[in-house]
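Coordinates from model-v9.cif are shown below (mmCIF, C-alpha atoms).
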```
data_entry
#
loop_
_atom_site.label_atom_id
_atom_site.label_comp_id
_atom_site.auth_asym_id
_atom_site.auth_seq_id
_atom_site.Cartn_x
_atom_site.Cartn_y
_atom_site.Cartn_z
CA VAL I 1 -45.57 5.51 13.97
CA ARG I 2 -48.73 5.69 11.92
CA PRO I 3 -51.34 2.94 12.23
CA GLU I 4 -51.09 2.24 8.52
CA SER I 5 -47.39 1.43 8.96
CA ILE I 6 -48.43 -1.59 11.04
CA GLN I 7 -49.23 -4.46 8.74
CA LYS I 8 -50.56 -7.86 9.67
CA GLN I 9 -50.26 -10.77 7.31
CA SER I 10 -52.85 -13.31 8.31
CA ASP I 11 -51.27 -16.04 6.25
CA ARG I 12 -48.00 -15.86 8.19
CA ASP I 13 -49.10 -14.24 11.46
CA ILE I 14 -46.39 -11.58 11.25
CA MET I 15 -46.62 -7.93 12.24
CA TYR I 16 -44.08 -5.42 10.90
CA ILE I 17 -43.71 -1.95 12.47
CA ASN I 18 -41.68 0.70 10.68
CA LEU I 19 -39.77 2.95 13.12
CA SER I 20 -37.71 4.87 10.54
CA LYS I 21 -37.51 8.62 11.05
CA PHE I 22 -35.02 11.32 10.01
CA ASP I 23 -31.66 9.53 9.60
CA LEU I 24 -32.77 6.56 11.71
CA THR I 25 -33.60 3.36 9.85
CA ALA I 26 -35.27 0.82 12.11
CA GLY I 27 -38.19 -1.52 12.41
CA ILE I 28 -39.68 -4.26 14.54
CA VAL I 29 -41.01 -7.61 13.42
CA ILE I 30 -43.47 -9.34 15.78
CA TYR I 31 -44.41 -12.98 15.34
CA LEU I 32 -47.98 -13.45 16.57
CA LYS I 33 -49.69 -16.56 17.83
CA LYS I 34 -52.00 -18.10 15.29
CA LYS I 35 -55.44 -16.56 14.95
CA LEU I 36 -54.56 -13.70 17.32
CA TRP I 37 -56.25 -10.51 16.20
CA LEU I 38 -55.87 -7.13 17.86
CA SER I 39 -58.89 -5.08 18.87
CA ALA I 40 -58.99 -1.37 17.99
CA GLU I 41 -58.05 -0.52 21.60
CA GLU I 42 -55.12 -2.97 21.62
CA PHE I 43 -54.01 -1.67 18.24
CA SER I 44 -54.05 1.92 19.58
CA THR I 45 -52.04 0.92 22.69
CA LEU I 46 -49.45 -0.84 20.54
CA ASN I 47 -49.18 2.17 18.26
CA LEU I 48 -48.59 4.47 21.27
CA ALA I 49 -45.88 2.13 22.60
CA MET I 50 -44.15 2.05 19.20
CA ASN I 51 -44.22 5.86 19.03
CA ASN I 52 -42.42 6.00 22.38
CA ILE I 53 -39.84 3.44 21.27
CA GLN I 54 -39.28 5.36 18.05
CA ALA I 55 -38.70 8.63 19.95
CA GLN I 56 -36.14 6.94 22.23
CA LEU I 57 -34.31 5.36 19.30
CA VAL I 58 -34.15 8.67 17.43
CA MET I 59 -32.77 10.40 20.53
CA PHE I 60 -30.21 7.62 21.06
CA ASN I 61 -29.13 7.82 17.42
CA GLN I 62 -28.74 11.61 17.58
CA ASN I 63 -26.73 11.37 20.83
CA GLN I 64 -24.40 8.86 19.23
CA HIS I 65 -23.94 11.17 16.26
CA LEU I 66 -23.17 14.13 18.55
CA ALA I 67 -20.67 12.03 20.52
CA LEU I 68 -18.94 11.06 17.28
CA ILE I 69 -18.76 14.69 16.11
CA SER I 70 -17.41 15.92 19.45
CA SER I 71 -14.63 13.30 19.48
CA THR I 72 -13.61 13.45 15.80
CA ASP I 73 -11.31 15.85 14.00
CA PRO I 74 -13.18 17.06 10.89
CA LEU I 75 -10.12 17.30 8.62
CA SER I 76 -8.25 14.07 9.30
CA LYS I 77 -11.35 12.07 10.31
CA LEU I 78 -9.29 10.79 13.24
CA LYS I 79 -10.08 11.12 16.92
CA ASN I 80 -9.29 14.53 18.39
CA ARG I 81 -7.08 15.54 21.33
CA ARG I 82 -9.93 15.47 23.81
CA ALA I 83 -10.83 11.90 22.87
CA PHE I 84 -7.17 10.88 23.03
CA ASN I 85 -6.72 12.30 26.53
CA GLU I 86 -9.84 10.45 27.69
CA HIS I 87 -8.45 7.26 26.14
CA LEU I 88 -5.17 7.69 28.04
CA MET I 89 -7.03 7.95 31.33
CA ILE I 90 -8.94 4.73 30.65
CA GLU I 91 -5.84 2.87 29.46
CA SER I 92 -3.84 3.99 32.49
CA GLU I 93 -6.56 2.59 34.75
CA LEU I 94 -6.59 -0.71 32.84
CA ILE I 95 -2.81 -1.05 33.10
CA SER I 96 -2.92 -0.29 36.81
CA ARG I 97 -5.60 -2.94 37.42
CA TYR I 98 -3.80 -5.50 35.27
CA GLU I 99 -0.55 -5.04 37.16
CA ALA I 100 -2.32 -5.25 40.53
CA LYS I 101 -3.99 -8.56 39.60
CA SER I 102 -1.27 -10.29 37.61
CA GLN I 103 1.80 -8.69 39.19
CA GLY I 104 3.08 -8.36 35.64
CA THR I 105 3.78 -5.43 33.34
CA MET I 106 1.68 -4.43 30.35
CA CYS I 107 3.70 -2.56 27.75
CA GLU I 108 2.06 0.23 25.77
CA SER I 109 3.78 2.60 23.38
CA ILE I 110 2.98 6.11 22.25
CA VAL I 111 4.05 7.40 18.85
CA PHE I 112 4.21 11.15 18.27
CA VAL I 113 4.22 12.30 14.64
CA ASP I 114 5.01 15.87 13.61
CA LEU I 115 4.82 17.00 9.97
CA ASP I 116 7.94 18.37 8.29
CA ASN I 117 7.80 21.32 5.86
CA PHE I 118 4.06 21.72 6.41
CA LYS I 119 4.40 25.52 6.52
CA TYR I 120 6.06 25.51 3.07
CA TYR I 121 2.96 23.95 1.49
CA ASN I 122 0.59 26.25 3.35
CA ASP I 123 2.54 29.36 2.36
CA ASN I 124 3.18 28.42 -1.27
CA PHE I 125 0.01 26.59 -2.27
CA GLY I 126 -2.61 27.86 0.17
CA HIS I 127 -4.42 26.56 3.23
CA GLU I 128 -6.60 24.34 1.06
CA ILE I 129 -3.48 22.27 0.31
CA GLY I 130 -2.61 22.27 4.00
CA ASP I 131 -6.04 20.82 4.72
CA LEU I 132 -5.48 18.21 2.01
CA LEU I 133 -2.19 17.11 3.59
CA ILE I 134 -3.86 16.72 6.99
CA ALA I 135 -6.61 14.62 5.41
CA GLN I 136 -4.11 12.47 3.50
CA MET I 137 -2.11 11.87 6.68
CA GLY I 138 -5.29 10.66 8.35
CA VAL I 139 -5.76 8.14 5.54
CA ILE I 140 -2.27 6.62 5.72
CA LEU I 141 -2.22 6.62 9.53
CA LYS I 142 -5.43 4.57 9.58
CA SER I 143 -4.08 2.24 6.91
CA VAL I 144 -0.78 1.56 8.71
CA PHE I 145 -1.83 1.24 12.33
CA ARG I 146 -4.01 -1.54 13.70
CA LYS I 147 -7.68 -1.27 14.58
CA VAL I 148 -6.78 -1.70 18.26
CA ASP I 149 -4.43 1.31 18.09
CA PHE I 150 -5.89 4.69 19.05
CA VAL I 151 -4.94 7.21 16.35
CA ALA I 152 -5.64 10.91 16.86
CA ARG I 153 -4.82 14.35 15.56
CA TYR I 154 -3.26 16.01 18.57
CA GLY I 155 -3.44 19.51 17.15
CA GLY I 156 -2.08 21.57 14.26
CA ASP I 157 0.35 19.35 12.35
CA GLU I 158 0.84 16.81 15.14
CA PHE I 159 -0.59 13.31 15.36
CA VAL I 160 -0.35 10.76 18.14
CA VAL I 161 -0.97 7.03 18.40
CA CYS I 162 -1.41 4.82 21.47
CA LEU I 163 -0.43 1.21 20.77
CA PRO I 164 -1.51 -1.43 23.34
CA ASN I 165 0.71 -4.47 24.01
CA THR I 166 3.46 -2.93 21.90
CA THR I 167 7.17 -2.45 22.64
CA CYS I 168 9.21 0.49 21.42
CA ASP I 169 10.87 -1.65 18.74
CA GLU I 170 7.49 -2.80 17.46
CA ALA I 171 6.28 0.80 17.45
CA ARG I 172 9.41 1.78 15.51
CA ARG I 173 8.52 -0.77 12.82
CA SER I 174 5.06 0.78 12.56
CA GLY I 175 6.72 4.17 12.06
CA GLU I 176 8.90 2.71 9.31
CA ARG I 177 5.81 1.35 7.57
CA LEU I 178 4.31 4.84 7.78
CA TYR I 179 7.32 6.24 5.92
CA LYS I 180 6.93 3.56 3.24
CA SER I 181 3.25 4.47 2.84
CA LEU I 182 4.22 8.11 2.32
CA GLU I 183 6.79 7.11 -0.30
CA LYS I 184 4.18 4.95 -2.03
CA ALA I 185 1.85 7.97 -2.10
CA LYS I 186 4.72 9.97 -3.70
CA TYR I 187 4.71 12.41 -0.79
CA PHE I 188 1.14 13.41 -1.76
CA VAL I 189 2.38 15.37 -4.78
CA PRO I 190 -0.14 13.69 -7.18
CA ALA I 191 -2.99 14.55 -4.79
CA ILE I 192 -1.80 18.16 -4.57
CA GLU I 193 -1.54 18.44 -8.36
CA ARG I 194 -5.05 17.05 -8.81
CA LEU I 195 -6.46 19.65 -6.46
CA LEU I 196 -4.48 22.52 -8.01
CA GLY I 197 -5.10 21.35 -11.56
CA ARG I 198 -1.44 21.79 -12.50
CA ASN I 199 1.99 20.27 -12.03
CA ILE I 200 4.21 21.47 -9.21
CA LYS I 201 7.94 21.35 -8.50
CA VAL I 202 8.99 20.90 -4.89
CA PRO I 203 12.66 21.30 -3.86
CA LYS I 204 14.06 18.12 -2.33
CA ASP I 205 14.72 19.84 0.99
CA LYS I 206 11.05 20.91 1.09
CA ARG I 207 9.62 17.47 0.39
CA PHE I 208 6.65 16.69 2.61
CA GLY I 209 7.45 14.31 5.46
CA PHE I 210 7.32 13.83 9.20
CA SER I 211 9.45 13.17 12.25
CA ILE I 212 8.59 10.63 14.94
CA GLY I 213 9.17 10.29 18.68
CA ILE I 214 8.39 7.09 20.59
CA SER I 215 8.25 6.03 24.21
CA CYS I 216 6.72 3.08 26.07
CA THR I 217 5.43 2.46 29.57
CA THR I 218 8.34 0.20 30.52
CA CYS I 219 10.55 3.33 30.49
CA ASN I 220 8.35 5.04 33.11
CA ASN I 221 8.86 5.36 36.83
CA ASP I 222 5.20 4.33 37.02
CA PRO I 223 4.35 1.94 34.13
CA SER I 224 0.66 2.81 34.42
CA ASP I 225 1.27 6.54 33.89
CA LEU I 226 0.61 7.05 30.19
CA GLU I 227 0.82 10.82 30.66
CA GLU I 228 4.51 10.36 31.46
CA THR I 229 4.88 8.18 28.37
CA LEU I 230 3.25 10.92 26.29
CA VAL I 231 5.66 13.56 27.61
CA ASP I 232 8.65 11.30 26.93
CA ALA I 233 7.46 10.56 23.38
CA ASP I 234 7.13 14.32 22.84
CA GLN I 235 10.71 14.80 24.08
CA ALA I 236 11.91 12.10 21.68
CA LEU I 237 10.07 13.86 18.86
CA TYR I 238 11.78 17.13 19.82
CA TYR I 239 15.12 15.35 19.49
CA SER I 240 14.21 14.15 15.97
CA LYS I 241 13.05 17.60 14.87
CA HIS I 242 16.21 19.35 16.08
CA HIS I 243 18.82 16.78 15.08
CA LYS I 244 17.59 15.20 11.85
CA LYS I 245 14.13 15.69 10.44
CA GLY I 246 12.39 12.68 8.96
CA THR I 247 13.80 10.24 11.51
CA ILE I 248 12.50 8.14 14.40
CA SER I 249 13.79 8.70 17.93
CA ILE I 250 13.04 6.45 20.90
CA TRP I 251 13.08 8.04 24.34
CA SER I 252 15.18 5.33 26.00
CA GLU I 253 17.84 5.78 23.30
CA VAL I 254 18.04 9.60 23.33
CA LYS I 255 17.18 10.34 26.96
CA ASP I 256 20.81 10.61 28.10
CA LYS I 257 21.69 12.83 25.10
CA ILE I 258 18.80 15.18 25.81
CA GLU I 259 19.63 15.41 29.50
CA SER I 260 23.33 15.98 28.74
CA ASN I 261 22.47 18.80 26.34
CA ALA I 262 20.17 20.34 28.95
CA VAL I 263 22.97 20.29 31.54
CA ALA I 264 25.44 21.80 29.06
CA GLU I 265 23.03 24.60 28.13
CA THR I 266 22.40 25.36 31.82
CA SER I 267 26.15 25.60 32.43
CA ILE I 268 26.57 28.03 29.52
CA VAL I 269 23.79 30.26 30.86
CA LYS I 270 25.38 30.29 34.33
CA ASP I 271 28.79 31.18 32.87
CA MET I 272 27.25 34.09 30.97
CA HIS I 273 25.90 35.50 34.22
#
```
Would you kindly transcribe this structure into structure tokens?
Amino acid sequence: VRPESIQKQSDRDIMYINLSKFDLTAGIVIYLKKKLWLSAEEFSTLNLAMNNIQAQLVMFNQNQHLALISSTDPLSKLKNRRAFNEHLMIESELISRYEAKSQGTMCESIVFVDLDNFKYYNDNFGHEIGDLLIAQMGVILKSVFRKVDFVARYGGDEFVVCLPNTTCDEARRSGERLYKSLEKAKYFVPAIERLLGRNIKVPKDKRFGFSIGISCTTCNNDPSDLEETLVDADQALYYSKHHKKGTISIWSEVKDKIESNAVAETSIVKDMH
């Protein structure tokens, strides 16, 4: 802070100190008592104090920026897997404390989203289009889910959402709204054509889409274990991907089918040996 950046207006007894530096925009306004004038020594002490405050604010601002970068996926602009896993740990602790105090159950749902036909677009139109699709998915995910929901790119072409105080049926409705948003965006074809600078024809069976798997904490052995909920949602997603792409599967509804198939496959393997 330079001395000349400190201005005193005798008519209003106000002192303004500019603390802006680099990408930090900040300042301090001090209201002085009437007829209070600073000596050169006092002015120098104040300037030194303001320099220290400025340095701390700049450091704090840079740390916040680094924290944001380390927790954000650069393509989708959503939170990344690391941030999501940290969020699950915190939420699990909150659920556990809530249940201990209220002796009630807090229901949270996890929605797993996996893109369909993503490889077709990467292979036929280039990785730049693949990046565009990831970015566009980030946009519609943020527009559909609530601000209290934690939306993240889990990795590759997978996305995951943690929805507090939400049942599986309510989460399913959110998934249905996501499909409607994709339809409204015309499966991102206009965005692809704008980037390529030409029209494209996509076979119906290669239309861009996604499959969804959902589970909630009320299905768990331990309702506070969101890691278990995550695994179950992933299993439900697996069911959608291998039975009918572009659909929503809920763990409680497909659990018995998945387990029956697993038993049948195990029996076949044993018979072969």
### Query
If the PyMOL selection byres ((chain I and resi 87-98) around 10) is run on the structure shown, which residues does it catch, given as a PyMOL selection string?
chain I and resi 81-86+99-108+150+162+164+217+222-227+230
### Message
For this structure, which residues satisfy the selection - the PyMOL selection byres ((chain I and resi 119-129) around 9) - when it is evaluated on the file as given? I want them as a ChimeraX atom specification.
### Response
/I:116-118,130-134,192,195-196,206,208
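The shortest atom-to-atom distance to Gln136 (chain I), with only C-alpha atoms taken into account, belongs to I:Val189 out of I:Ile214, I:Leu163, I:Ile53, I:Val189.
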### Pick from I:Cys168, I:Leu115, I:Ala191, I:Val160 nearest to Ser240 (chain I), counting all atoms listed in the file
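Nearest candidate to Ser240 (chain I) out of I:Cys168, I:Leu115, I:Ala191, I:Val160: I:Leu115.
Minimum distance to Ser249 (chain I) across I:Ser215, I:Thr166, I:Asn51, I:Ser76 (counting only C-alpha atoms) occurs at I:Ser215.
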